[in-house]
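> The structure file run-v4.csv (CSV, C-alpha atoms) is provided below.
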```csv
chain,number,residue,atom,x,y,z
A,4,MET,CA,-16.8,1.2,11.2
A,5,SER,CA,-13.2,2.4,11.2
A,6,ILE,CA,-10.2,0.2,10.0
A,7,LEU,CA,-6.9,0.0,11.9
A,8,VAL,CA,-4.0,-2.0,10.5
A,9,PHE,CA,-0.8,-3.0,12.3
A,10,ALA,CA,1.7,-3.3,9.5
A,11,GLY,CA,5.4,-3.7,9.0
A,12,THR,CA,5.4,-6.3,6.2
A,13,SER,CA,5.0,-6.2,2.5
A,14,GLU,CA,1.4,-7.6,3.0
A,15,GLY,CA,0.7,-4.6,5.2
A,16,ARG,CA,1.9,-2.2,2.4
A,17,LYS,CA,-0.2,-4.0,-0.2
A,18,LEU,CA,-3.2,-3.9,2.1
A,19,ALA,CA,-2.8,-0.1,2.7
A,20,GLU,CA,-2.6,0.4,-1.1
A,21,PHE,CA,-5.8,-1.8,-1.5
A,22,LEU,CA,-7.7,0.2,1.1
A,23,SER,CA,-6.6,3.5,-0.4
A,24,ALA,CA,-7.5,2.5,-3.9
A,25,GLY,CA,-10.9,1.4,-2.7
A,26,GLY,CA,-11.6,4.7,-1.0
A,27,LEU,CA,-11.5,3.2,2.5
A,28,ALA,CA,-10.0,5.4,5.2
A,29,ALA,CA,-7.6,3.5,7.5
A,30,ASP,CA,-5.0,4.1,10.2
A,31,ILE,CA,-1.8,2.2,9.6
A,32,TYR,CA,0.5,1.6,12.5
A,33,VAL,CA,4.2,0.7,12.0
A,34,ALA,CA,6.9,0.4,14.6
A,35,THR,CA,10.0,1.8,12.8
A,36,GLU,CA,11.1,4.5,10.4
A,37,TYR,CA,11.9,1.7,8.0
A,38,GLY,CA,8.3,0.5,8.1
A,39,GLU,CA,7.1,4.1,7.6
A,40,LEU,CA,9.3,4.7,4.6
A,41,SER,CA,8.2,1.5,3.0
A,42,LEU,CA,4.7,2.8,2.8
A,43,PRO,CA,3.9,5.1,-0.1
A,44,VAL,CA,1.9,8.3,0.5
A,45,LEU,CA,-1.7,7.2,-0.1
A,46,PRO,CA,-5.0,9.1,-0.1
A,47,ALA,CA,-7.3,8.2,2.8
A,48,VAL,CA,-4.5,6.4,4.7
A,49,THR,CA,-2.9,7.8,7.8
A,50,VAL,CA,0.4,6.3,8.9
A,51,HIS,CA,1.5,6.4,12.5
A,52,ARG,CA,5.1,5.4,13.6
A,53,GLY,CA,6.2,4.2,17.0
A,54,ARG,CA,6.2,1.1,19.2
A,55,LEU,CA,3.1,0.9,21.2
A,56,THR,CA,2.3,-0.7,24.6
A,57,THR,CA,-0.9,-2.7,25.0
A,58,GLU,CA,-2.5,0.3,26.7
A,59,GLN,CA,-1.5,2.6,23.9
A,60,MET,CA,-3.0,0.1,21.4
A,61,GLU,CA,-6.2,0.2,23.3
A,62,ALA,CA,-6.3,4.0,23.2
A,63,CYS,CA,-6.1,3.9,19.4
A,64,MET,CA,-9.1,1.6,19.0
A,65,ALA,CA,-12.4,3.5,18.6
A,66,PRO,CA,-15.7,1.7,19.3
A,67,GLY,CA,-16.6,-0.7,16.5
A,68,VAL,CA,-13.1,-0.7,15.0
A,69,LEU,CA,-11.9,-3.5,12.7
A,70,VAL,CA,-8.3,-4.4,13.6
A,71,ILE,CA,-6.2,-6.2,11.0
A,72,ASP,CA,-2.9,-7.6,12.3
A,73,ALA,CA,-0.5,-7.7,9.4
A,74,THR,CA,2.7,-7.9,11.5
A,75,HIS,CA,5.5,-10.3,10.8
A,76,PRO,CA,4.8,-14.1,11.6
A,77,TYR,CA,7.7,-14.0,14.1
A,78,ALA,CA,6.5,-10.9,15.9
A,79,ASP,CA,4.6,-13.0,18.5
A,80,VAL,CA,4.9,-10.5,21.3
A,81,VAL,CA,3.4,-7.8,19.2
A,82,THR,CA,0.6,-10.0,18.0
A,83,ALA,CA,-0.2,-11.1,21.6
A,84,ASN,CA,-0.4,-7.4,22.6
A,85,ILE,CA,-2.7,-6.6,19.7
A,86,ARG,CA,-5.0,-9.5,20.6
A,87,GLN,CA,-5.1,-8.4,24.3
A,88,ALA,CA,-5.9,-4.8,23.3
A,89,CYS,CA,-8.7,-6.0,21.0
A,90,SER,CA,-10.2,-8.2,23.7
A,91,ALA,CA,-10.1,-5.3,26.2
A,92,ARG,CA,-11.8,-3.0,23.8
A,93,GLY,CA,-14.2,-5.5,22.2
A,94,ALA,CA,-12.7,-4.8,18.8
A,95,GLU,CA,-13.0,-7.3,15.9
A,96,TYR,CA,-9.6,-8.9,15.2
A,97,ILE,CA,-8.4,-10.4,11.9
A,98,ARG,CA,-5.0,-12.0,11.6
A,99,LEU,CA,-3.4,-11.5,8.1
A,100,LEU,CA,-1.0,-14.4,8.1
A,101,ARG,CA,1.7,-15.4,5.5
A,102,PRO,CA,1.2,-19.0,4.5
A,103,GLN,CA,4.2,-21.2,5.3
A,104,VAL,CA,6.4,-22.4,2.5
A,105,ALA,CA,6.8,-26.2,2.1
A,106,SER,CA,10.5,-26.9,2.2
A,107,GLY,CA,10.6,-29.9,0.0
A,108,GLN,CA,14.0,-30.7,1.2
A,109,PRO,CA,15.7,-31.8,4.5
A,110,VAL,CA,16.1,-29.0,7.1
A,111,VAL,CA,17.2,-28.8,10.7
A,112,THR,CA,14.4,-27.2,12.7
A,113,VAL,CA,15.0,-25.5,16.0
A,114,PRO,CA,12.6,-23.6,18.3
A,115,ASP,CA,14.4,-20.3,18.6
A,116,ALA,CA,17.7,-18.3,18.0
A,117,GLN,CA,19.3,-19.7,21.2
A,118,ALA,CA,18.8,-23.2,20.0
A,119,ALA,CA,20.2,-22.3,16.6
A,120,ALA,CA,23.3,-20.9,18.2
A,121,ALA,CA,23.6,-24.1,20.3
A,122,TYR,CA,23.4,-26.2,17.2
A,123,LEU,CA,26.1,-24.2,15.5
A,124,ASN,CA,28.4,-24.9,18.5
A,125,THR,CA,28.1,-28.6,17.7
A,126,VAL,CA,29.3,-28.2,14.1
A,127,THR,CA,32.2,-26.5,12.2
A,128,GLY,CA,32.1,-24.1,9.3
A,129,ALA,CA,30.7,-20.7,8.4
A,130,ALA,CA,27.0,-19.8,8.6
A,131,LEU,CA,25.0,-17.1,6.7
A,132,LEU,CA,22.5,-15.6,9.1
A,133,THR,CA,19.4,-14.3,7.4
A,134,THR,CA,17.2,-13.8,10.5
A,135,GLY,CA,17.9,-10.1,10.9
A,136,SER,CA,19.3,-8.1,13.7
A,137,LYS,CA,16.6,-8.5,16.4
A,138,GLU,CA,17.9,-11.8,17.8
A,139,LEU,CA,21.5,-11.3,16.7
A,140,LYS,CA,22.8,-11.3,20.3
A,141,ALA,CA,21.9,-14.9,20.7
A,142,PHE,CA,24.5,-15.9,18.1
A,143,THR,CA,27.3,-14.3,20.0
A,144,THR,CA,27.4,-17.5,22.1
A,145,VAL,CA,28.7,-19.4,19.1
A,146,HIS,CA,32.4,-20.3,19.4
A,147,ARG,CA,34.5,-17.8,17.3
A,148,PHE,CA,31.2,-16.2,16.1
A,149,ALA,CA,33.0,-13.1,14.7
A,150,GLU,CA,34.9,-15.3,12.3
A,151,ARG,CA,32.3,-17.9,11.5
A,152,LEU,CA,29.1,-16.0,11.2
A,153,TYR,CA,27.9,-13.6,8.4
A,154,PRO,CA,24.8,-11.7,9.5
A,155,ARG,CA,22.7,-10.2,6.7
A,156,VAL,CA,20.9,-7.2,8.1
A,157,LEU,CA,19.2,-4.0,7.0
A,158,PRO,CA,21.6,-1.2,6.0
A,159,THR,CA,20.6,1.4,8.7
A,160,ALA,CA,22.9,3.2,11.0
A,161,GLU,CA,21.1,1.8,14.1
A,162,VAL,CA,21.4,-1.8,12.9
A,163,LEU,CA,25.1,-1.5,11.9
A,164,GLN,CA,25.9,0.1,15.3
A,165,LYS,CA,24.2,-2.8,17.0
A,166,CYS,CA,26.2,-5.3,15.0
A,167,ALA,CA,29.4,-3.5,15.9
A,168,GLU,CA,28.5,-3.4,19.6
A,169,LEU,CA,27.9,-7.1,19.6
A,170,GLY,CA,31.4,-7.7,18.2
A,171,PHE,CA,30.7,-8.4,14.5
A,172,SER,CA,33.3,-6.8,12.3
A,173,GLY,CA,32.8,-5.0,9.0
A,174,ARG,CA,34.3,-7.9,7.0
A,175,SER,CA,31.4,-10.2,8.1
A,176,ILE,CA,28.4,-7.9,8.1
A,177,ILE,CA,26.2,-8.0,4.9
A,178,ALA,CA,24.2,-4.8,5.0
A,179,MET,CA,21.5,-5.1,2.3
A,180,GLN,CA,17.8,-4.8,1.9
A,181,GLY,CA,15.7,-7.4,0.1
A,182,PRO,CA,14.1,-8.9,-1.8
A,183,PHE,CA,16.9,-11.4,-2.4
A,184,SER,CA,16.8,-13.5,-5.5
A,185,HIS,CA,17.9,-17.1,-5.7
A,186,GLU,CA,21.0,-16.0,-7.6
A,187,LEU,CA,22.0,-13.5,-5.0
A,188,ASN,CA,21.5,-16.0,-2.2
A,189,VAL,CA,23.7,-18.5,-4.0
A,190,ALA,CA,26.4,-15.8,-4.6
A,191,LEU,CA,26.4,-14.9,-0.9
A,192,LEU,CA,26.6,-18.5,0.2
A,193,ARG,CA,29.5,-19.1,-2.1
A,194,GLN,CA,31.3,-15.9,-1.2
A,195,THR,CA,31.1,-16.6,2.5
A,196,ARG,CA,31.7,-20.4,2.0
A,197,ALA,CA,28.8,-20.9,4.3
A,198,LYS,CA,28.0,-24.5,5.2
A,199,TYR,CA,24.8,-23.4,7.0
A,200,LEU,CA,22.0,-21.0,6.2
A,201,VAL,CA,20.1,-19.9,9.2
A,202,ALA,CA,16.6,-18.7,8.3
A,203,LYS,CA,13.0,-18.2,9.4
A,204,ASP,CA,10.0,-19.3,7.5
A,205,SER,CA,9.0,-15.8,6.6
A,206,GLY,CA,6.8,-17.0,3.7
A,207,ALA,CA,7.0,-16.4,0.0
A,208,ALA,CA,6.9,-12.7,0.5
A,209,GLY,CA,9.9,-12.9,2.8
A,210,GLY,CA,12.0,-14.8,0.3
A,211,PHE,CA,12.1,-18.1,2.1
A,212,ALA,CA,11.7,-20.1,-1.1
A,213,GLU,CA,14.7,-18.4,-2.6
A,214,LYS,CA,16.8,-19.2,0.4
A,215,LEU,CA,15.8,-22.9,0.3
A,216,SER,CA,16.6,-23.2,-3.4
A,217,ALA,CA,20.0,-21.4,-2.9
A,218,ALA,CA,20.9,-23.7,-0.1
A,219,LYS,CA,20.0,-26.8,-2.2
A,220,GLU,CA,22.2,-25.6,-5.1
A,221,THR,CA,25.2,-24.9,-2.9
A,222,GLY,CA,24.8,-27.8,-0.6
A,223,ALA,CA,24.4,-25.7,2.5
A,224,THR,CA,22.3,-27.1,5.4
A,225,VAL,CA,19.2,-25.0,6.3
A,226,LEU,CA,18.9,-24.3,10.0
A,227,LEU,CA,15.3,-23.3,10.3
A,228,ILE,CA,14.0,-21.3,13.3
A,229,ALA,CA,10.3,-22.4,13.6
A,230,ARG,CA,7.5,-20.0,13.9
A,231,PRO,CA,6.9,-19.1,17.5
A,232,THR,CA,3.2,-20.1,17.6
A,233,LYS,CA,0.8,-22.1,15.5
A,234,GLU,CA,-1.5,-19.4,14.2
A,235,GLU,CA,-4.6,-19.4,12.1
A,236,GLY,CA,-5.5,-16.5,9.9
A,237,LEU,CA,-6.4,-15.2,6.4
A,238,THR,CA,-4.1,-14.6,3.4
A,239,LEU,CA,-3.9,-11.2,1.9
A,240,GLU,CA,-6.3,-12.2,-0.9
A,241,GLU,CA,-8.8,-13.5,1.7
A,242,VAL,CA,-8.7,-10.3,3.7
A,243,GLU,CA,-9.2,-8.2,0.6
A,244,ALA,CA,-12.2,-10.4,-0.4
A,245,LEU,CA,-13.7,-10.0,3.1
A,246,LEU,CA,-13.3,-6.2,2.9
A,247,ARG,CA,-14.9,-6.1,-0.6
A,248,ALA,CA,-17.9,-8.0,0.8
A,249,ARG,CA,-18.3,-5.8,3.8
A,250,PHE,CA,-17.5,-2.3,2.5
A,251,PRO,CA,-18.6,-0.4,-0.6
A,252,MET,CA,-15.4,-0.1,-2.6
A,253,ALA,CA,-14.7,2.9,-4.9
A,254,ARG,CA,-13.5,2.3,-8.4
A,255,LEU,CA,-9.7,2.1,-8.6
A,256,ALA,CA,-8.5,5.6,-9.5
A,257,ALA,CA,-5.3,4.1,-10.9
A,258,ALA,CA,-7.2,2.4,-13.7
A,259,SER,CA,-7.7,5.7,-15.5
A,260,ARG,CA,-4.5,7.0,-17.1
A,261,PHE,CA,-4.6,9.6,-19.9
A,262,PRO,CA,-2.5,8.3,-22.9
A,263,LEU,CA,-0.3,11.4,-23.4
A,264,PHE,CA,2.1,11.1,-26.3
A,265,ILE,CA,5.0,13.5,-26.0
A,266,SER,CA,8.4,14.1,-27.6
A,267,LEU,CA,11.4,13.0,-25.6
A,268,VAL,CA,14.0,14.2,-28.1
A,269,GLY,CA,16.8,15.9,-26.2
A,270,ARG,CA,14.9,15.9,-22.9
A,271,ARG,CA,16.7,14.7,-19.8
A,272,VAL,CA,15.4,11.5,-18.3
A,273,LEU,CA,16.9,10.2,-15.1
A,274,VAL,CA,16.9,6.5,-14.5
A,275,ALA,CA,17.8,5.4,-11.0
A,276,GLY,CA,18.9,1.7,-11.1
A,277,ALA,CA,20.6,-0.4,-13.7
A,278,GLY,CA,19.0,-3.8,-13.4
A,279,ARG,CA,16.9,-5.8,-15.9
A,280,ILE,CA,13.8,-3.5,-15.5
A,281,ALA,CA,15.9,-0.3,-15.9
A,282,ALA,CA,17.8,-1.8,-18.9
A,283,ARG,CA,14.5,-2.4,-20.7
A,284,ARG,CA,13.3,1.1,-19.9
A,285,ILE,CA,16.6,2.6,-21.2
A,286,LEU,CA,16.4,0.7,-24.5
A,287,VAL,CA,12.9,2.1,-25.1
A,288,LEU,CA,13.9,5.7,-24.1
A,289,GLN,CA,16.9,5.6,-26.4
A,290,ARG,CA,14.6,4.8,-29.4
A,291,PHE,CA,12.7,8.0,-28.7
A,292,GLY,CA,15.8,10.2,-28.5
A,293,ALA,CA,15.8,10.9,-24.7
A,294,ASP,CA,19.0,12.3,-23.1
A,295,ILE,CA,19.5,9.6,-20.5
A,296,THR,CA,21.3,9.8,-17.2
A,297,VAL,CA,21.7,6.6,-15.2
A,298,VAL,CA,22.6,6.5,-11.5
A,299,SER,CA,23.4,3.2,-10.0
A,300,PRO,CA,26.3,1.6,-8.0
A,301,GLU,CA,26.5,-1.1,-10.6
A,302,CYS,CA,25.7,-1.2,-14.3
A,303,ALA,CA,23.9,-4.2,-15.8
A,304,VAL,CA,25.5,-6.0,-18.7
A,305,GLU,CA,22.5,-5.2,-20.9
A,306,ILE,CA,23.1,-1.5,-20.7
A,307,ASP,CA,25.5,0.2,-23.1
A,308,CYS,CA,27.0,2.7,-20.7
A,309,GLY,CA,28.9,4.3,-23.6
A,310,THR,CA,25.7,5.9,-25.1
A,311,ILE,CA,24.3,7.4,-21.9
A,312,ARG,CA,25.5,9.5,-19.0
A,313,TYR,CA,26.3,7.1,-16.2
A,314,PHE,CA,27.2,7.7,-12.6
A,315,GLY,CA,28.4,4.7,-10.6
A,316,ARG,CA,26.9,5.7,-7.2
A,317,SER,CA,23.7,5.7,-5.3
A,318,TYR,CA,20.9,8.2,-6.0
A,319,GLU,CA,21.1,11.7,-4.7
A,320,LYS,CA,18.3,14.3,-4.7
A,321,SER,CA,20.5,16.7,-6.7
A,322,ASP,CA,20.2,14.1,-9.6
A,323,LEU,CA,16.7,15.5,-10.3
A,324,SER,CA,18.0,18.8,-11.4
A,325,GLY,CA,16.8,19.5,-15.0
A,326,ALA,CA,15.0,16.1,-15.3
A,327,PHE,CA,11.9,16.0,-17.4
A,328,LEU,CA,11.0,12.4,-16.4
A,329,VAL,CA,12.3,10.0,-13.8
A,330,ILE,CA,12.3,6.2,-13.7
A,331,ALA,CA,12.8,4.8,-10.2
A,332,ALA,CA,13.9,1.2,-10.7
A,333,THR,CA,16.5,0.4,-8.0
A,334,ASN,CA,16.3,-2.9,-6.1
A,335,ASP,CA,15.8,-0.9,-2.8
A,336,ARG,CA,12.1,-0.2,-1.9
A,337,LEU,CA,13.1,2.7,0.4
A,338,VAL,CA,15.2,4.4,-2.3
A,339,ASN,CA,12.4,4.1,-4.8
A,340,ALA,CA,9.9,5.6,-2.3
A,341,ARG,CA,12.3,8.4,-1.5
A,342,ILE,CA,12.8,9.2,-5.3
A,343,ALA,CA,9.0,9.2,-5.7
A,344,GLN,CA,8.6,11.7,-2.8
A,345,ASP,CA,11.4,13.9,-4.1
A,346,CYS,CA,9.7,14.0,-7.5
A,347,ARG,CA,6.4,14.9,-6.0
A,348,GLU,CA,8.0,17.8,-4.2
A,349,ALA,CA,9.8,18.9,-7.4
A,350,GLY,CA,6.7,18.5,-9.6
A,351,ILE,CA,8.5,15.9,-11.8
A,352,LEU,CA,6.7,13.0,-13.4
A,353,CYS,CA,8.0,9.7,-12.0
A,354,SER,CA,7.4,6.0,-12.8
A,355,VAL,CA,8.2,3.7,-9.9
A,356,ALA,CA,9.0,0.2,-10.9
A,357,ASP,CA,7.7,-1.5,-7.7
A,358,SER,CA,4.8,0.7,-6.8
A,359,ALA,CA,1.9,1.7,-9.0
A,360,SER,CA,0.4,3.9,-6.4
A,361,GLU,CA,3.6,6.0,-6.1
A,362,SER,CA,3.9,6.4,-9.9
A,363,THR,CA,2.6,9.7,-11.4
A,364,PHE,CA,2.9,8.1,-14.8
A,365,PHE,CA,3.0,4.5,-16.0
A,366,PHE,CA,5.8,3.3,-18.3
A,367,PRO,CA,3.9,1.6,-21.1
A,368,ALA,CA,4.5,-1.4,-23.3
A,369,VAL,CA,5.5,0.4,-26.5
A,370,CYS,CA,4.2,-1.0,-29.8
A,371,THR,CA,5.6,0.4,-33.1
A,372,ALA,CA,5.3,-0.4,-36.7
A,373,GLY,CA,6.2,2.0,-39.5
A,374,LYS,CA,4.9,5.4,-38.6
A,375,LEU,CA,2.5,4.1,-36.0
A,376,THR,CA,3.1,4.0,-32.2
A,377,ALA,CA,0.9,2.6,-29.5
A,378,GLY,CA,1.3,2.3,-25.7
A,379,VAL,CA,-0.4,-0.2,-23.4
A,380,VAL,CA,-0.7,0.1,-19.6
A,381,SER,CA,-2.9,-1.6,-17.0
A,382,ASP,CA,-3.8,-0.5,-13.5
A,383,GLY,CA,-0.4,-1.8,-12.4
A,384,SER,CA,-1.8,-5.1,-11.1
A,385,ASP,CA,-1.4,-7.4,-14.1
A,386,HIS,CA,1.8,-7.1,-16.1
A,387,SER,CA,1.2,-10.3,-17.9
A,388,ALA,CA,-2.1,-9.0,-19.3
A,389,THR,CA,-0.3,-5.9,-20.5
A,390,ALA,CA,2.3,-8.0,-22.3
A,391,ARG,CA,-0.3,-10.2,-24.0
A,392,ALA,CA,-2.3,-7.2,-25.2
A,393,ALA,CA,0.9,-5.5,-26.4
A,394,ALA,CA,1.9,-8.6,-28.5
A,395,GLN,CA,-1.6,-8.6,-30.1
A,396,ILE,CA,-1.4,-4.8,-30.9
A,397,ARG,CA,2.1,-5.2,-32.4
A,398,ALA,CA,0.8,-7.9,-34.7
A,399,ILE,CA,-2.1,-5.7,-35.8
A,400,LEU,CA,0.1,-2.7,-36.4
A,401,GLN,CA,2.5,-4.9,-38.4
A,402,GLU,CA,-0.3,-6.2,-40.5
A,403,GLY,CA,-1.4,-2.7,-41.3
A,404,THR,CA,2.1,-1.7,-42.2
A,405,ASP,CA,2.6,-4.8,-44.4
A,406,ALA,CA,-0.7,-4.2,-46.2
A,407,GLY,CA,0.5,-0.7,-47.1
A,408,ASP,CA,3.7,-1.9,-48.7
```
Take the structure in the file and give it back as structure tokens.

Amino acid sequence: MSILVFAGTSEGRKLAEFLSAGGLAADIYVATEYGELSLPVLPAVTVHRGRLTTEQMEACMAPGVLVIDATHPYADVVTANIRQACSARGAEYIRLLRPQVASGQPVVTVPDAQAAAAYLNTVTGAALLTTGSKELKAFTTVHRFAERLYPRVLPTAEVLQKCAELGFSGRSIIAMQGPFSHELNVALLRQTRAKYLVAKDSGAAGGFAEKLSAAKETGATVLLIARPTKEEGLTLEEVEALLRARFPMARLAAASRFPLFISLVGRRVLVAGAGRIAARRILVLQRFGADITVVSPECAVEIDCGTIRYFGRSYEKSDLSGAFLVIAATNDRLVNARIAQDCREAGILCSVADSASESTFFFPAVCTAGKLTAGVVSDGSDHSATARAAAQIRAILQEGTDAGD
């Protein structure tokens, strides 16, 4: 039986990684270049890009295929087409569905973007739109929309051109890629002085909980566009359990990493990103004498930029010149994926903070005491287990050092 996945969500990416790690061949279909770039290069997985008609979907489905629909909860037209194609071909269909997030606070629920725009015409004040660019045209019916509305969209040329064509000015467009933390949502609501936050229940993976909590902290009213249909489906964990039960899974290759201990003294290490994860990595690398270059538009307060080579801009491929190791720890999934790809092509070892499968080496939890050094890694799936083991090893190393005093 062959496996076909319609992806485009973080769950689709995780499912592709799960299938590849288990040695299961699969065809992954995504609609956009953004969706393609968000998927790492994986053994046994073939990625296809392009929007498909129902007839084209049918043509992709071999006899006996298992089809997993991991598209967005609001992509109701695509889901309807996938269901129709499966019915026509007699293919088994599984819906991988994000569970809804309980709001726990009052929200104004409307059926669609048009209704959300109509509601905004009954009130005053600015609104932060976090529903993407697909239905942005509906909000141009809002009175003085170019002044009142702040759309948060993906930072692609196609999307920015669409925003401009609809009449949104550069002063109001927030071009960023998630995930968005509670703190960032709060900052954006305060910066725009938004009284309303327009959102979809995109589930925990889509950052809906962080939007709710930010609105609560700032006093903004949540204008929630309801999911288009009441669907039943399986969670990612349930789909993975089903696949384990049905198919023989190979051992995860990522579980075996050779513990190579090397000198970093004077060797150039590139760190892309300057957030909390990057800051922790930099502190460890400094202890081992690495010559560190950091590339990031902003520098976290935890990083002493006076002791490293720092460039306040986005990553460029030329930054890899002369690098011995690379740490990809930006807050942009596509940038991290591009760095990993560039490193593969250049033959440079790379640790990718948000993707174990793209990492050619794992950055360990480092344990030192006296003249002893140990490193601990997992298969990339349980960071808390790594932290617990590292704490125990540090205690053992320290006991051995104290005993020798």
> What does the structure give for the distance between atom CA of Val104 of chain A and atom CA of Cys89 of chain A, in Å to one decimal?
29.0 Å
> How far is it from atom CA of Ser172 of chain A to atom CA of Val126 of chain A, in Å with one decimal?
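One can read the atom CA of Ser172 of chain A to atom CA of Val126 of chain A distance as 21.8 Å.
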> Set the distance at 7 Å and use all atoms listed in the file: which residues neighbour Val70 of chain A once local chain neighbours fewer than 5 positions away are removed? I'd like the list as a list in words.
Ile6, Leu7, Val8, Ala94, Glu95, Tyr96 and Ile97 of chain A
> Tell me, as number ranges by chain, which residues lie within 10 Å of Ala394 of chain A, counting only C-alpha atoms; anything in the same chain fewer than 3 positions away does not count.
A: 368-370, 389-391, 397-399
> List the spatial neighbours of Val80 of chain A as JSON, numbers by chain - criterion: any atom at most 12 Å away, all atoms listed in the file, same-chain residues fewer than 5 positions off excluded.
{"A": [54, 55, 56, 57, 74, 75, 85, 86, 87, 231, 232]}
> Any idea what's packed within 10 Å of Val162 of chain A, counting only C-alpha atoms, ignoring anything in its chain fewer than 4 positions away? Could you give it as a PDB file with C-alpha atoms, keeping the file's coordinate frame?

```pdb
ATOM      1  CA  GLY A 135      17.900 -10.100  10.900  1.00  0.00           C
ATOM      2  CA  SER A 136      19.300  -8.100  13.700  1.00  0.00           C
ATOM      3  CA  LYS A 137      16.600  -8.500  16.400  1.00  0.00           C
ATOM      4  CA  VAL A 156      20.900  -7.200   8.100  1.00  0.00           C
ATOM      5  CA  LEU A 157      19.200  -4.000   7.000  1.00  0.00           C
ATOM      6  CA  PRO A 158      21.600  -1.200   6.000  1.00  0.00           C
ATOM      7  CA  CYS A 166      26.200  -5.300  15.000  1.00  0.00           C
ATOM      8  CA  ALA A 167      29.400  -3.500  15.900  1.00  0.00           C
ATOM      9  CA  GLU A 168      28.500  -3.400  19.600  1.00  0.00           C
ATOM     10  CA  ALA A 178      24.200  -4.800   5.000  1.00  0.00           C
TER      11      ALA A 178
END
```
> Between A:Leu337, A:Met252, A:Leu131, A:Val145, which has the minimum distance to Ala28 of chain A (counting all atoms listed in the file)?
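Smallest separation from Ala28 of chain A among the options: A:Met252.
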> Using all atoms listed in the file, which protein or nucleic acid residues come within 10 Å of Asn124 of chain A? Drop anything in the same chain fewer than 4 positions from it, and give the result as a list in words.
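Skipping anything fewer than 4 positions along the chain leaves Ala118, Ala119, Ala120, Gly128, Phe142, Thr144, Val145, His146, Arg147 and Phe148 of chain A.
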> Which is closest to Ala78 of chain A among A:Thr12, A:Ser175, A:Asn334, A:Thr221, if we use all atoms listed in the file?
A:Thr12
> Give me, please, the distance in Å between atom CA of Ile176 of chain A and atom CA of Leu163 of chain A, quoted to one decimal.
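Atom-to-atom, atom CA of Ile176 of chain A and atom CA of Leu163 of chain A are spaced 8.1 Å apart.
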> Which of these, A:Gln108, A:Ser184, A:Ser23, A:Ser360, has the shortest distance to Val225 of chain A once you count all atoms listed in the file?
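For Val225 of chain A, the nearest of the given residues is A:Gln108.
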> Would you mind completing segment 12-23 of chain A to N, CA and C atoms and writing the output as an mmCIF file, in the frame of the given file?

```cif
data_model
loop_
_atom_site.group_PDB
_atom_site.id
_atom_site.type_symbol
_atom_site.label_atom_id
_atom_site.label_comp_id
_atom_site.auth_asym_id
_atom_site.auth_seq_id
_atom_site.Cartn_x
_atom_site.Cartn_y
_atom_site.Cartn_z
ATOM 1 N N THR A 12 5.004 -5.299 7.196
ATOM 2 C CA THR A 12 5.400 -6.300 6.200
ATOM 3 C C THR A 12 4.940 -5.866 4.841
ATOM 4 N N SER A 13 5.383 -6.596 3.817
ATOM 5 C CA SER A 13 5.000 -6.200 2.500
ATOM 6 C C SER A 13 3.455 -6.411 2.307
ATOM 7 N N GLU A 14 2.876 -7.390 3.012
ATOM 8 C CA GLU A 14 1.400 -7.600 3.000
ATOM 9 C C GLU A 14 0.717 -6.335 3.551
ATOM 10 N N GLY A 15 1.294 -5.764 4.615
ATOM 11 C CA GLY A 15 0.700 -4.600 5.200
ATOM 12 C C GLY A 15 0.727 -3.402 4.221
ATOM 13 N N ARG A 16 1.820 -3.273 3.462
ATOM 14 C CA ARG A 16 1.900 -2.200 2.400
ATOM 15 C C ARG A 16 0.860 -2.446 1.353
ATOM 16 N N LYS A 17 0.756 -3.685 0.876
ATOM 17 C CA LYS A 17 -0.200 -4.000 -0.200
ATOM 18 C C LYS A 17 -1.634 -3.762 0.305
ATOM 19 N N LEU A 18 -1.895 -4.101 1.572
ATOM 20 C CA LEU A 18 -3.200 -3.900 2.100
ATOM 21 C C LEU A 18 -3.538 -2.396 2.210
ATOM 22 N N ALA A 19 -2.564 -1.588 2.600
ATOM 23 C CA ALA A 19 -2.800 -0.100 2.700
ATOM 24 C C ALA A 19 -3.077 0.407 1.276
ATOM 25 N N GLU A 20 -2.376 -0.072 0.245
ATOM 26 C CA GLU A 20 -2.600 0.400 -1.100
ATOM 27 C C GLU A 20 -4.036 -0.061 -1.575
ATOM 28 N N PHE A 21 -4.442 -1.273 -1.184
ATOM 29 C CA PHE A 21 -5.800 -1.800 -1.500
ATOM 30 C C PHE A 21 -6.861 -0.911 -0.898
ATOM 31 N N LEU A 22 -6.705 -0.588 0.386
ATOM 32 C CA LEU A 22 -7.700 0.200 1.100
ATOM 33 C C LEU A 22 -7.795 1.610 0.477
ATOM 34 N N SER A 23 -6.644 2.208 0.192
ATOM 35 C CA SER A 23 -6.600 3.500 -0.400
ATOM 36 C C SER A 23 -7.281 3.552 -1.772
#
```
